[in-house]
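Structure file upload-v2.tsv with TSV, C-alpha atoms and all ligand atoms:
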chain	number	residue	atom	x	y	z
A	17	MET	CA	-20.54	0.58	-12.06
A	18	GLY	CA	-22.74	-2.39	-11.15
A	19	LEU	CA	-20.08	-4.12	-9.06
A	20	ILE	CA	-20.58	-7.30	-7.10
A	21	ILE	CA	-19.24	-6.98	-3.56
A	22	TYR	CA	-18.41	-9.68	-1.05
A	23	LEU	CA	-20.02	-8.79	2.28
A	24	ASP	CA	-20.13	-11.09	5.31
A	25	GLY	CA	-20.36	-14.37	3.46
A	26	LYS	CA	-22.46	-13.23	0.48
A	27	PHE	CA	-21.87	-11.69	-2.91
A	28	VAL	CA	-24.29	-8.78	-3.33
A	29	PRO	CA	-24.84	-5.92	-5.82
A	30	GLU	CA	-23.05	-2.75	-4.70
A	31	GLU	CA	-26.35	-1.00	-3.82
A	32	GLU	CA	-26.92	-3.71	-1.21
A	33	ALA	CA	-23.35	-3.65	0.08
A	34	VAL	CA	-23.96	-1.38	3.06
A	35	VAL	CA	-22.64	-1.42	6.61
A	36	SER	CA	-24.22	-0.17	9.81
A	37	VAL	CA	-23.64	3.32	11.21
A	38	PHE	CA	-22.76	1.43	14.42
A	39	ASP	CA	-19.87	-0.38	12.73
A	40	HIS	CA	-16.69	0.47	14.63
A	41	GLY	CA	-14.78	0.57	11.36
A	42	LEU	CA	-16.77	3.72	10.62
A	43	LEU	CA	-17.16	5.07	14.17
A	44	TYR	CA	-13.52	4.63	15.20
A	45	GLY	CA	-11.45	3.50	12.22
A	46	ASP	CA	-11.24	0.21	14.10
A	47	GLY	CA	-10.28	-2.30	11.45
A	48	VAL	CA	-7.69	-3.31	8.86
A	49	PHE	CA	-7.48	-3.47	5.09
A	50	GLU	CA	-5.35	-4.32	2.09
A	51	GLY	CA	-4.88	-2.87	-1.37
A	52	ILE	CA	-4.04	-5.56	-3.93
A	53	ARG	CA	-3.60	-5.57	-7.72
A	54	ALA	CA	-4.67	-8.02	-10.37
A	55	TYR	CA	-2.69	-8.11	-13.61
A	56	ASN	CA	-3.24	-10.34	-16.60
A	57	ASN	CA	-5.68	-12.70	-14.79
A	58	ARG	CA	-3.38	-13.03	-11.78
A	59	VAL	CA	-3.63	-11.57	-8.28
A	60	PHE	CA	-0.16	-10.26	-7.55
A	61	LYS	CA	1.50	-11.28	-4.26
A	62	LEU	CA	-1.81	-12.46	-2.81
A	63	THR	CA	-0.24	-14.52	-0.02
A	64	GLU	CA	1.95	-11.60	1.06
A	65	HIS	CA	-1.07	-9.26	1.23
A	66	ILE	CA	-3.14	-11.81	3.15
A	67	ASN	CA	-0.29	-12.38	5.59
A	68	ARG	CA	-0.03	-8.62	6.20
A	69	LEU	CA	-3.81	-8.37	6.68
A	70	TYR	CA	-3.74	-11.09	9.35
A	71	ASP	CA	-0.64	-9.61	11.01
A	72	SER	CA	-2.30	-6.16	11.14
A	73	ALA	CA	-5.46	-7.75	12.61
A	74	HIS	CA	-3.43	-9.69	15.18
A	75	THR	CA	-1.69	-6.53	16.38
A	76	ILE	CA	-5.03	-4.79	16.98
A	77	SER	CA	-6.42	-7.98	18.64
A	78	LEU	CA	-8.97	-8.49	15.90
A	79	GLU	CA	-9.65	-12.11	15.15
A	80	ILE	CA	-10.72	-12.54	11.53
A	81	PRO	CA	-13.48	-15.19	11.43
A	82	LEU	CA	-12.10	-16.69	8.21
A	83	GLU	CA	-9.04	-18.84	7.68
A	84	PRO	CA	-6.39	-17.20	5.48
A	85	LYS	CA	-7.10	-19.78	2.76
A	86	GLU	CA	-10.81	-18.84	2.85
A	87	MET	CA	-9.83	-15.17	2.52
A	88	HIS	CA	-7.67	-16.15	-0.45
A	89	GLU	CA	-10.73	-17.72	-2.10
A	90	VAL	CA	-13.00	-14.75	-1.22
A	91	ILE	CA	-10.57	-12.41	-2.99
A	92	LEU	CA	-10.29	-14.58	-6.11
A	93	GLU	CA	-14.04	-15.17	-6.23
A	94	THR	CA	-14.73	-11.41	-5.93
A	95	CYS	CA	-12.57	-10.92	-9.03
A	96	ARG	CA	-14.39	-13.73	-10.86
A	97	ARG	CA	-17.86	-12.36	-10.03
A	98	ASN	CA	-16.79	-9.02	-11.51
A	99	ASN	CA	-15.01	-10.59	-14.46
A	100	LEU	CA	-11.94	-8.69	-13.31
A	101	LYS	CA	-8.56	-9.67	-14.73
A	102	ASN	CA	-6.82	-6.34	-14.22
A	103	GLY	CA	-7.64	-3.97	-11.40
A	104	TYR	CA	-7.57	-3.14	-7.74
A	105	ILE	CA	-8.88	-5.28	-4.88
A	106	ARG	CA	-9.75	-4.00	-1.42
A	107	PRO	CA	-10.45	-6.51	1.36
A	108	VAL	CA	-11.54	-4.82	4.61
A	109	VAL	CA	-12.15	-6.30	8.05
A	110	THR	CA	-13.71	-4.08	10.71
A	111	ARG	CA	-14.33	-4.70	14.41
A	112	GLY	CA	-17.99	-4.94	13.45
A	113	VAL	CA	-21.20	-3.51	14.85
A	114	GLY	CA	-21.09	-2.38	18.48
A	115	ASP	CA	-22.52	0.37	20.63
A	116	LEU	CA	-21.39	3.99	20.82
A	117	GLY	CA	-18.61	3.19	23.27
A	118	LEU	CA	-15.04	2.34	22.28
A	119	ASP	CA	-15.00	-1.10	23.84
A	120	PRO	CA	-14.37	-3.72	21.16
A	121	ARG	CA	-15.85	-6.39	23.45
A	122	LYS	CA	-19.24	-4.93	22.47
A	123	CYS	CA	-18.62	-5.95	18.86
A	124	PRO	CA	-19.44	-9.65	18.63
A	125	ARG	CA	-18.72	-10.17	14.94
A	126	PRO	CA	-16.21	-8.51	12.60
A	127	THR	CA	-17.56	-7.14	9.32
A	128	ILE	CA	-15.74	-8.44	6.25
A	129	PHE	CA	-16.07	-7.05	2.77
A	130	CYS	CA	-14.11	-7.14	-0.44
A	131	ILE	CA	-14.36	-4.77	-3.41
A	132	SER	CA	-12.71	-5.30	-6.78
A	133	ASP	CA	-12.73	-2.50	-9.31
A	134	SER	CA	-10.77	-0.88	-12.09
A	135	ILE	CA	-7.92	1.39	-10.99
A	136	GLN	CA	-7.13	5.02	-11.67
A	137	LEU	CA	-3.43	5.11	-12.50
A	138	TYR	CA	-0.92	7.94	-12.42
A	139	PRO	CA	-0.53	9.20	-16.02
A	140	GLU	CA	2.26	7.41	-17.95
A	141	GLU	CA	3.95	10.81	-18.37
A	142	LEU	CA	4.85	10.83	-14.66
A	143	TYR	CA	6.66	7.49	-15.05
A	144	GLN	CA	8.69	9.04	-17.90
A	145	LYS	CA	9.39	12.40	-16.25
A	146	GLY	CA	9.27	11.57	-12.53
A	147	LEU	CA	7.39	13.05	-9.59
A	148	THR	CA	8.00	16.20	-7.60
A	149	LEU	CA	7.83	15.65	-3.83
A	150	ILE	CA	7.71	17.82	-0.75
A	151	THR	CA	8.47	17.02	2.87
A	152	VAL	CA	5.42	17.69	5.02
A	153	ALA	CA	5.13	18.74	8.66
A	154	THR	CA	2.91	15.78	9.55
A	155	ARG	CA	5.21	13.12	11.00
A	156	GLN	CA	4.63	9.40	10.76
A	157	ASN	CA	2.98	7.94	13.87
A	158	LEU	CA	5.10	6.64	16.74
A	159	SER	CA	5.64	2.89	16.49
A	160	GLU	CA	4.73	2.65	20.19
A	161	ALA	CA	1.28	4.12	19.44
A	162	LEU	CA	-0.61	2.98	16.33
A	163	ASN	CA	2.30	1.31	14.59
A	164	PRO	CA	2.57	2.38	10.93
A	165	ARG	CA	3.21	-1.29	10.14
A	166	VAL	CA	-0.49	-1.91	10.84
A	167	LYS	CA	-2.54	-1.24	7.72
A	168	SER	CA	-5.44	0.05	9.76
A	169	LEU	CA	-8.61	1.84	8.73
A	170	ASN	CA	-7.31	4.87	10.58
A	171	TYR	CA	-5.42	6.62	7.79
A	172	LEU	CA	-5.96	10.18	8.98
A	173	ASN	CA	-2.29	10.81	9.61
A	174	ASN	CA	-1.48	9.88	6.00
A	175	ILE	CA	-4.45	11.90	4.77
A	176	LEU	CA	-3.17	14.97	6.66
A	177	ALA	CA	0.15	14.50	4.85
A	178	LYS	CA	-1.67	14.17	1.53
A	179	ILE	CA	-3.61	17.39	2.23
A	180	GLU	CA	-0.31	19.22	2.75
A	181	ALA	CA	1.00	17.89	-0.56
A	182	ASN	CA	-2.25	18.94	-2.26
A	183	LEU	CA	-1.80	22.48	-0.93
A	184	PHE	CA	1.50	22.65	-2.81
A	185	ASN	CA	0.05	20.91	-5.84
A	186	VAL	CA	2.52	18.04	-5.71
A	187	PRO	CA	1.48	14.40	-6.11
A	188	GLU	CA	3.18	12.91	-3.05
A	189	ALA	CA	4.37	13.89	0.43
A	190	VAL	CA	7.53	12.66	2.13
A	191	MET	CA	6.87	11.93	5.80
A	192	LEU	CA	9.58	11.86	8.46
A	193	ASN	CA	9.45	9.70	11.54
A	194	GLN	CA	9.53	11.07	15.07
A	195	GLU	CA	13.35	11.28	15.03
A	196	GLY	CA	13.39	13.22	11.78
A	197	TYR	CA	14.57	10.35	9.57
A	198	VAL	CA	12.79	9.76	6.28
A	199	ALA	CA	9.99	7.23	6.74
A	200	GLU	CA	7.86	6.98	3.61
A	201	ALA	CA	5.42	8.83	1.36
A	202	SER	CA	1.74	9.19	2.31
A	203	GLY	CA	0.82	6.00	0.43
A	204	ASP	CA	4.11	4.66	-0.91
A	205	ASN	CA	7.54	3.55	0.26
A	206	ILE	CA	10.68	5.43	-0.74
A	207	PHE	CA	14.05	4.34	-2.16
A	208	ILE	CA	17.22	6.22	-3.10
A	209	VAL	CA	20.26	5.17	-5.10
A	210	LYS	CA	23.66	6.37	-3.91
A	211	ASP	CA	27.00	5.08	-5.25
A	212	GLY	CA	25.12	2.31	-7.06
A	213	ILE	CA	23.54	1.05	-3.80
A	214	LEU	CA	19.78	0.97	-3.34
A	215	ILE	CA	18.77	2.27	0.09
A	216	THR	CA	15.34	2.22	1.76
A	217	PRO	CA	14.30	2.83	5.38
A	218	PRO	CA	14.09	-0.34	7.50
A	219	SER	CA	10.70	-1.72	8.56
A	220	TYR	CA	11.17	-0.37	12.11
A	221	ALA	CA	11.63	3.21	10.82
A	222	GLY	CA	7.92	3.99	11.11
A	223	ILE	CA	6.73	2.65	7.77
A	224	LEU	CA	4.25	0.28	6.28
A	225	GLU	CA	6.38	-2.62	5.05
A	226	GLY	CA	5.17	-2.49	1.48
A	227	VAL	CA	4.64	-5.58	-0.59
A	228	THR	CA	5.94	-3.64	-3.61
A	229	ARG	CA	8.94	-2.50	-1.55
A	230	ASN	CA	9.81	-6.08	-0.66
A	231	THR	CA	9.33	-7.20	-4.27
A	232	VAL	CA	11.64	-4.43	-5.54
A	233	ILE	CA	14.30	-5.40	-2.97
A	234	GLU	CA	14.16	-8.99	-4.26
A	235	LEU	CA	14.26	-7.91	-7.91
A	236	ALA	CA	17.23	-5.63	-7.26
A	237	ARG	CA	19.20	-8.32	-5.41
A	238	ALA	CA	18.47	-10.82	-8.20
A	239	LYS	CA	20.03	-8.31	-10.62
A	240	GLY	CA	23.13	-8.04	-8.45
A	241	ILE	CA	22.27	-4.55	-7.18
A	242	LYS	CA	23.34	-4.08	-3.56
A	243	VAL	CA	20.41	-3.17	-1.26
A	244	LYS	CA	20.68	-1.62	2.20
A	245	GLU	CA	17.81	-1.06	4.62
A	246	SER	CA	19.03	1.89	6.62
A	247	LEU	CA	17.89	5.20	8.05
A	248	PHE	CA	18.58	8.37	6.08
A	249	THR	CA	17.63	12.04	6.14
A	250	ARG	CA	16.34	14.50	3.55
A	251	HIS	CA	19.96	15.48	2.86
A	252	ASP	CA	20.52	11.97	1.50
A	253	ILE	CA	17.57	12.32	-0.88
A	254	TYR	CA	18.67	15.77	-2.09
A	255	ASN	CA	22.10	14.32	-2.85
A	256	ALA	CA	21.06	10.92	-4.14
A	257	ALA	CA	21.67	9.90	-7.75
A	258	GLU	CA	18.15	8.49	-8.04
A	259	CYS	CA	14.94	8.27	-6.07
A	260	PHE	CA	11.70	6.39	-6.58
A	261	LEU	CA	8.52	5.42	-4.75
A	262	THR	CA	6.85	2.01	-4.59
A	263	GLY	CA	3.27	1.02	-3.90
A	264	THR	CA	0.53	-1.26	-5.10
A	265	ALA	CA	-1.23	1.57	-6.93
A	266	ALA	CA	1.84	3.53	-8.10
A	267	GLU	CA	4.03	0.43	-8.73
A	268	VAL	CA	7.58	1.83	-9.15
A	269	ILE	CA	7.59	5.55	-9.98
A	270	PRO	CA	10.60	7.87	-10.27
A	271	ALA	CA	10.90	11.01	-8.12
A	272	VAL	CA	13.12	13.77	-9.46
A	273	LYS	CA	12.66	16.71	-7.10
A	274	LEU	CA	12.24	17.14	-3.34
A	275	ASP	CA	11.60	20.47	-1.60
A	276	GLY	CA	12.76	22.35	-4.69
A	277	ARG	CA	16.08	20.45	-4.96
A	278	LEU	CA	16.73	18.38	-8.06
A	279	ILE	CA	17.58	14.76	-7.33
A	280	GLY	CA	20.52	13.57	-9.47
A	281	ASN	CA	20.26	15.15	-12.91
A	282	GLY	CA	16.52	15.71	-12.56
A	283	TYR	CA	15.60	12.74	-14.78
A	284	PRO	CA	14.59	9.20	-13.84
A	285	GLY	CA	17.76	7.17	-13.23
A	286	GLU	CA	19.00	4.00	-14.91
A	287	ILE	CA	18.51	1.69	-11.92
A	288	THR	CA	15.00	3.10	-11.44
A	289	LYS	CA	14.16	2.43	-15.09
A	290	GLU	CA	15.59	-1.07	-14.91
A	291	LEU	CA	13.48	-1.84	-11.83
A	292	ILE	CA	10.33	-0.40	-13.43
A	293	THR	CA	10.80	-2.78	-16.37
A	294	ALA	CA	11.56	-5.78	-14.15
A	295	PHE	CA	8.57	-5.05	-11.92
A	296	ARG	CA	6.20	-4.72	-14.87
A	297	GLN	CA	7.42	-8.01	-16.32
A	298	LEU	CA	6.92	-9.80	-13.01
A	299	THR	CA	3.36	-8.54	-12.56
A	300	GLN	CA	2.37	-9.97	-15.95
A	301	THR	CA	3.58	-13.47	-15.19
A	302	GLU	CA	3.35	-14.09	-11.43
A	303	GLY	CA	0.34	-14.39	-9.15
A	304	ALA	CA	-2.68	-16.45	-8.09
A	305	LEU	CA	-4.75	-17.31	-11.17
A	306	ILE	CA	-8.27	-15.85	-11.23
A	307	PHE	CA	-9.70	-17.82	-14.17
A	308	PRO	CA	-8.11	-21.10	-15.25
A	309	GLU	CA	-5.84	-20.77	-18.30
B	401	LIG	N1	3.13	3.08	2.76
B	401	LIG	C1	1.85	3.37	3.05
B	401	LIG	C2	1.56	4.28	4.18
B	401	LIG	C3	0.81	2.81	2.30
B	401	LIG	O1	-0.45	3.09	2.60
B	401	LIG	C4	2.48	1.68	0.95
B	401	LIG	C5	3.46	2.26	1.75
B	401	LIG	C6	2.89	0.74	-0.13
B	401	LIG	O2	2.62	-0.60	0.25
B	401	LIG	P1	2.31	-1.73	-0.83
B	401	LIG	O3	2.13	-2.97	-0.06
B	401	LIG	O4	1.07	-1.29	-1.56
B	401	LIG	O5	3.48	-1.79	-1.73
B	401	LIG	C7	1.13	1.96	1.21
B	401	LIG	C8	0.05	1.37	0.37
B	401	LIG	C9	-3.63	5.38	-2.28
B	401	LIG	C10	-3.52	4.25	-1.30
B	401	LIG	O6	-4.75	5.71	-2.67
B	401	LIG	C11	-2.29	3.74	-0.98
B	401	LIG	C12	-2.21	2.67	-0.05
B	401	LIG	C13	-3.36	2.20	0.51
B	401	LIG	C14	-4.57	2.73	0.19
B	401	LIG	C15	-4.67	3.75	-0.74
B	401	LIG	O7	-2.60	5.94	-2.66
B	401	LIG	N2	-1.04	2.15	0.29

Kindly return the structure encoded in the file as structure tokens.
Ligand code: PXG
Amino acid sequence: MGLIIYLDGKFVPEEEAVVSVFDHGLLYGDGVFEGIRAYNNRVFKLTEHINRLYDSAHTISLEIPLEPKEMHEVILETCRRNNLKNGYIRPVVTRGVGDLGLDPRKCPRPTIFCISDSIQLYPEELYQKGLTLITVATRQNLSEALNPRVKSLNYLNNILAKIEANLFNVPEAVMLNQEGYVAEASGDNIFIVKDGILITPPSYAGILEGVTRNTVIELARAKGIKVKESLFTRHDIYNAAECFLTGTAAEVIPAVKLDGRLIGNGYPGEITKELITAFRQLTQTEGALIFPE
């Protein structure tokens, strides 16, 4: 290990990167985070991730005591200090240290840290063969409560979904929203292909609006593939020609079975494969440079 961590204005060895037991990020899940990838000496979609971090913070009335451009530099510098050119980056902002009550007014200063590390990927075999999914009983949160668009430190709902998937030994869970429409997977967005059209739930469906999702929509449109953001049900997945998930960690990964029903012919589809290739190409060439080239 031996990582260097950014913590509240300093770069410290990981053993020294500790937060208080009174930090409301720990006590209440009161905070926000991002998961970002670096590929080939470039931080992919850094501005988009920073924008989402600040939007999430704004929604929970958490004022981040750094300008977005300072956060940008913190993230790049964390990569540099760890000599990281490929990997996973995790900036976190918590409400900070307070007392044992809920009241965020008792937390004078947010805690900010940033970790960069290597990433454990899904085995390549799953990208070739596709994932098996199940629909879980845990529904996505109501948008009127903790909106799923906020990437908050309170991920218990998604973890409950993941536990259900684990019980069935499948790698991902499909979560429905409160109306029973498909929302997303526990840590990924979902797409289907039907009649040559790419369809994904809209951002108001009770989803995190994924950076990978938005990138795939752009890539598909640039290839002349029609994209629709619309609500659908499990029936539409069972009867889709193709299905895939998107996320910073998973990238674009095919899904070939849901709740025991084969999707399409049970193999990753052509549009899915085309988008996997296009996405991989983009990650190698686009992003904020870590070390000068
Ligand atoms: N939906 C949810 C609920 C997520 O947490 C995505 C979609 C995909 O968004 P991006 O911007 O990454 O394309 C996420 C991202 C994990 C893990 O270990 C996944 C995420 C966050 C933290 C850990 O699978 N999610």

Any idea what the distance is between atom CA of Met87 of chain A and atom CA of Gly114 of chain A?
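Rounded to one decimal, the two atoms are 23.3 Å apart.
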
Residue nearest Leu169 of chain A among A:Thr231, A:Thr75, A:Asn99, A:Thr110 (counting only C-alpha atoms):
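Looking at the shortest contact to Leu169 of chain A, the residue is A:Thr110.
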
In Å, how far is it from atom CA of Thr216 of chain A to atom CA of Val272 of chain A?
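Atom CA of Val272 of chain A lies at a distance of 16.3 Å from atom CA of Thr216 of chain A.
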
Take the point (4.5, 13.0, -17.0) as written in the file and pick out every residue within 12 Å of it, counting all atoms listed in the file; give the list as a compact mmCIF listing (two decimals) with C-alpha atoms, keeping the file's coordinate frame.
# COMPACT_ATOMS: atom_id res chain seq x y z
CA TYR A 138 -0.92 7.94 -12.42
CA PRO A 139 -0.53 9.20 -16.02
CA GLU A 140 2.26 7.41 -17.95
CA GLU A 141 3.95 10.81 -18.37
CA LEU A 142 4.85 10.83 -14.66
CA TYR A 143 6.66 7.49 -15.05
CA GLN A 144 8.69 9.04 -17.90
CA LYS A 145 9.39 12.40 -16.25
CA GLY A 146 9.27 11.57 -12.53
CA LEU A 147 7.39 13.05 -9.59
CA THR A 148 8.00 16.20 -7.60
CA PRO A 187 1.48 14.40 -6.11
CA ILE A 269 7.59 5.55 -9.98
CA PRO A 270 10.60 7.87 -10.27
CA ALA A 271 10.90 11.01 -8.12
CA VAL A 272 13.12 13.77 -9.46
CA TYR A 283 15.60 12.74 -14.78
CA PRO A 284 14.59 9.20 -13.84

Would you list the residues that come within 6 Å of ligand LIG 401 (chain B)? Count all atoms listed in the file and give the answer as a count of residues only.
13

For Lys101 of chain A, which residue among A:Leu261, A:Leu291, A:Cys130, A:Val59 is the nearest when counting all atoms listed in the file?
A:Val59

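With atom CA of Leu162 of chain A on one side and atom CA of Ser36 of chain A on the other, the separation reads 24.7 Å.
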
Find the residue from A:Ile223, A:Leu158, A:Leu274, A:Leu118 that sits nearest to Ala199 of chain A; use all atoms listed in the file when measuring.
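Using all atoms listed in the file, the shortest distance to Ala199 of chain A belongs to A:Ile223.
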
I need the residue nearest Lys61 of chain A from this list: A:Lys244, A:Leu176, A:His88, A:Ile20. Use all atoms listed in the file for the distance.
A:His88

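For the residues A:Pro120, A:Gly240, A:Gly47, A:Gly280, ranking by smallest atom-to-atom distance to Asn255 of chain A using all atoms listed in the file places A:Gly280 first.
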
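Using all atoms listed in the file, the nearest neighbour of Glu225 of chain A within the list A:Leu298, A:Leu69, A:Val209, A:Ile292 is A:Leu69.
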
Is it possible to get the residues within 9 Å of (-5.1, -8.7, -9.3) (coordinates as in the file, counting only C-alpha atoms) written as a PyMOL selection string?
chain A and resi 52-62+92+95+100-105+132+303-306

Skipping near chain neighbours, those fewer than 6 positions away, what residues fall within 12 Å of Pro81 of chain A using only C-alpha atoms, listed as an mmCIF file with C-alpha atoms, in the frame of the given file?
data_model
loop_
_atom_site.group_PDB
_atom_site.id
_atom_site.type_symbol
_atom_site.label_atom_id
_atom_site.label_comp_id
_atom_site.auth_asym_id
_atom_site.auth_seq_id
_atom_site.Cartn_x
_atom_site.Cartn_y
_atom_site.Cartn_z
ATOM 1 C CA ASP A 24 -20.130 -11.090 5.310
ATOM 2 C CA GLY A 25 -20.360 -14.370 3.460
ATOM 3 C CA TYR A 70 -3.740 -11.090 9.350
ATOM 4 C CA ALA A 73 -5.460 -7.750 12.610
ATOM 5 C CA MET A 87 -9.830 -15.170 2.520
ATOM 6 C CA VAL A 109 -12.150 -6.300 8.050
ATOM 7 C CA THR A 110 -13.710 -4.080 10.710
ATOM 8 C CA ARG A 111 -14.330 -4.700 14.410
ATOM 9 C CA GLY A 112 -17.990 -4.940 13.450
ATOM 10 C CA PRO A 124 -19.440 -9.650 18.630
ATOM 11 C CA ARG A 125 -18.720 -10.170 14.940
ATOM 12 C CA PRO A 126 -16.210 -8.510 12.600
ATOM 13 C CA THR A 127 -17.560 -7.140 9.320
ATOM 14 C CA ILE A 128 -15.740 -8.440 6.250
#

May I have the centre and edge lengths, in Å to one decimal, of an axis-aligned box around the listed atoms of segment 223-239 of chain A with 6 Å added to every side, as AutoDock Vina command-line options?
--center_x 12.1 --center_y -4.1 --center_z -1.4 --size_x 27.8 --size_y 25.5 --size_z 30.4

What's around Phe248 of chain A at 8 Å? Count only C-alpha atoms, leave out sequence neighbours fewer than 2 positions away in its own chain, and write the answer as an NGL selection string.
:A and (197-198 or 217 or 246 or 250-252)
